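Since the structure comes first, as structure tokens, the remarks are kept for the end.
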Amino acid sequence: MFRYARRMLNGQGDAEEVVQDAFVAAWKSLPDFRGDAPLRTWLFTVTGRKAIDLFRKKRAVPVEETTLTDLPAPGTDPAGQAVQSGLLDALGAGLAELPWLQRAVWLLREVEQMSYAEIAVVLNTTPTVVRGQLARARTGLQHRLESWR
Amino acid sequence: MTEDLLSRAAHAARTHPEPGWIDISATVKQRLRTVTRRSRPIRAAADDGTTLFITDQVLTGVLRVAVAGLQCELERVRLIGDDDTCTGAVLDVVTFYGQDLQALAAQIRTTAYQTFTDLLGPTDPPFGADGIDITITDLIPE
């Protein structure tokens with residue numbers, strides 16, 4: 001949950017606040033948890049909602065679908081950096097540039113390894129939308145990580 | 001090739017320990033310990049007659065799981081009883097259209113009675129004295 005929140009919000013302090021709020025909300029509404037979805041899916045749903053709440057509170061601008069702009073500047077040399085942490089930093093930067101939904105779908109699928117159906121539950125959408133958003137997120141990240149090839 | 005890179009990045013994100021998580025988890029636990037949930041204590045009896053109290057949330061939670069085994073879902077529960085006693089219940093249940101609802105209601109009633117008497121023990125007045133009313137809503141799939 002913390003990992004998901006941190007990558008979604010791109011900030012540790014915000015992620016900490018979101019995870020705390022999510023756990024408190026989950027604890028309070030635990031008696032109403034019907035078990036329709038696994039507990040993990042439910043907790044990620046709560047975390048996602050809290051992250052969106054915080055995001056909206058902090059940035060009163062609509063989330064828009066962005067095009068593939070702001071590609072990494074040419075001439076950077078990632079090979080010279082510490083590989084894993086550099087790759088993670090690049091990934092974080094790439095994710096931060098993706099639209100909210102694409103970012104959430106990619107993280108839930110590739111990092112948290114949820115199924116399309118589970119992601120659809122977490123994000124209150126359909127597996128078809130998840131599939132489409134994931135494809136777009138992959139394309140976007142591939143462009144942004146081009147210099148790492 | 002870039003696909004491999006994305007997989008590598010995902011793997012790194014998955015396996016890389018989250019910085020500061022140890023401290024944060026302690027803070028989260030500390031805050032959770034201060035959060036309270038409203039509940040109603042229900043008087044129960046142990047096998048040796050000792051009086052003890054359990055919360056209505058425990059009764060509802062266990063019943064929810066038991067009823068889910070009957071291919072239906074517990075929508076709402078209202079416990080009947082004075083003060084700290086529980087002598088009956090009103091259950092709202094949702095299930096699929098096309099079932100024998102009377103038979104299902106009988107199963108739910110039996111399950112609720114067994115669940116509550118197991119949890120509450122031999123109380124006086126006993127659970128069930130005020131009956132178990134069941135309302136079933138049957139739905140057709142979209």
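Residue numbering restarts at 1 for every chain of the structure tokens, chains are lettered A, B, ... in their displayed order, and ligands are numbered from 1 as they appear.
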Query - Interface, chain B side, toward chain A (10 Å; only C-alpha atoms) as a PyMOL selection string - result: chain B and resi 1-21+24-25+27-38+56-58+60-61+64-65+68+73-76
Query raised in the report: What does the distance between atom CA of A:Arg131 and atom CA of A:Leu98 come to in Å, to one decimal place?
Result: 15.7 Å
Query raised in the report: Smallest atom-to-atom distance to B:Ala106: which of B:Ile132, B:Thr137, B:Arg43, B:Asp23, using only C-alpha atoms?
Result: B:Ile132
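The spacing separating atom CA of A:Ala117 from atom CA of A:Thr41 amounts to 10.2 Å.
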**Report entry** Members of stretch 19-126 of chain B assigned strand (DSSP E or B) by DSSP, as a PyMOL selection string
**Finding:** chain B and resi 41-45+51-55+72-80+88-96
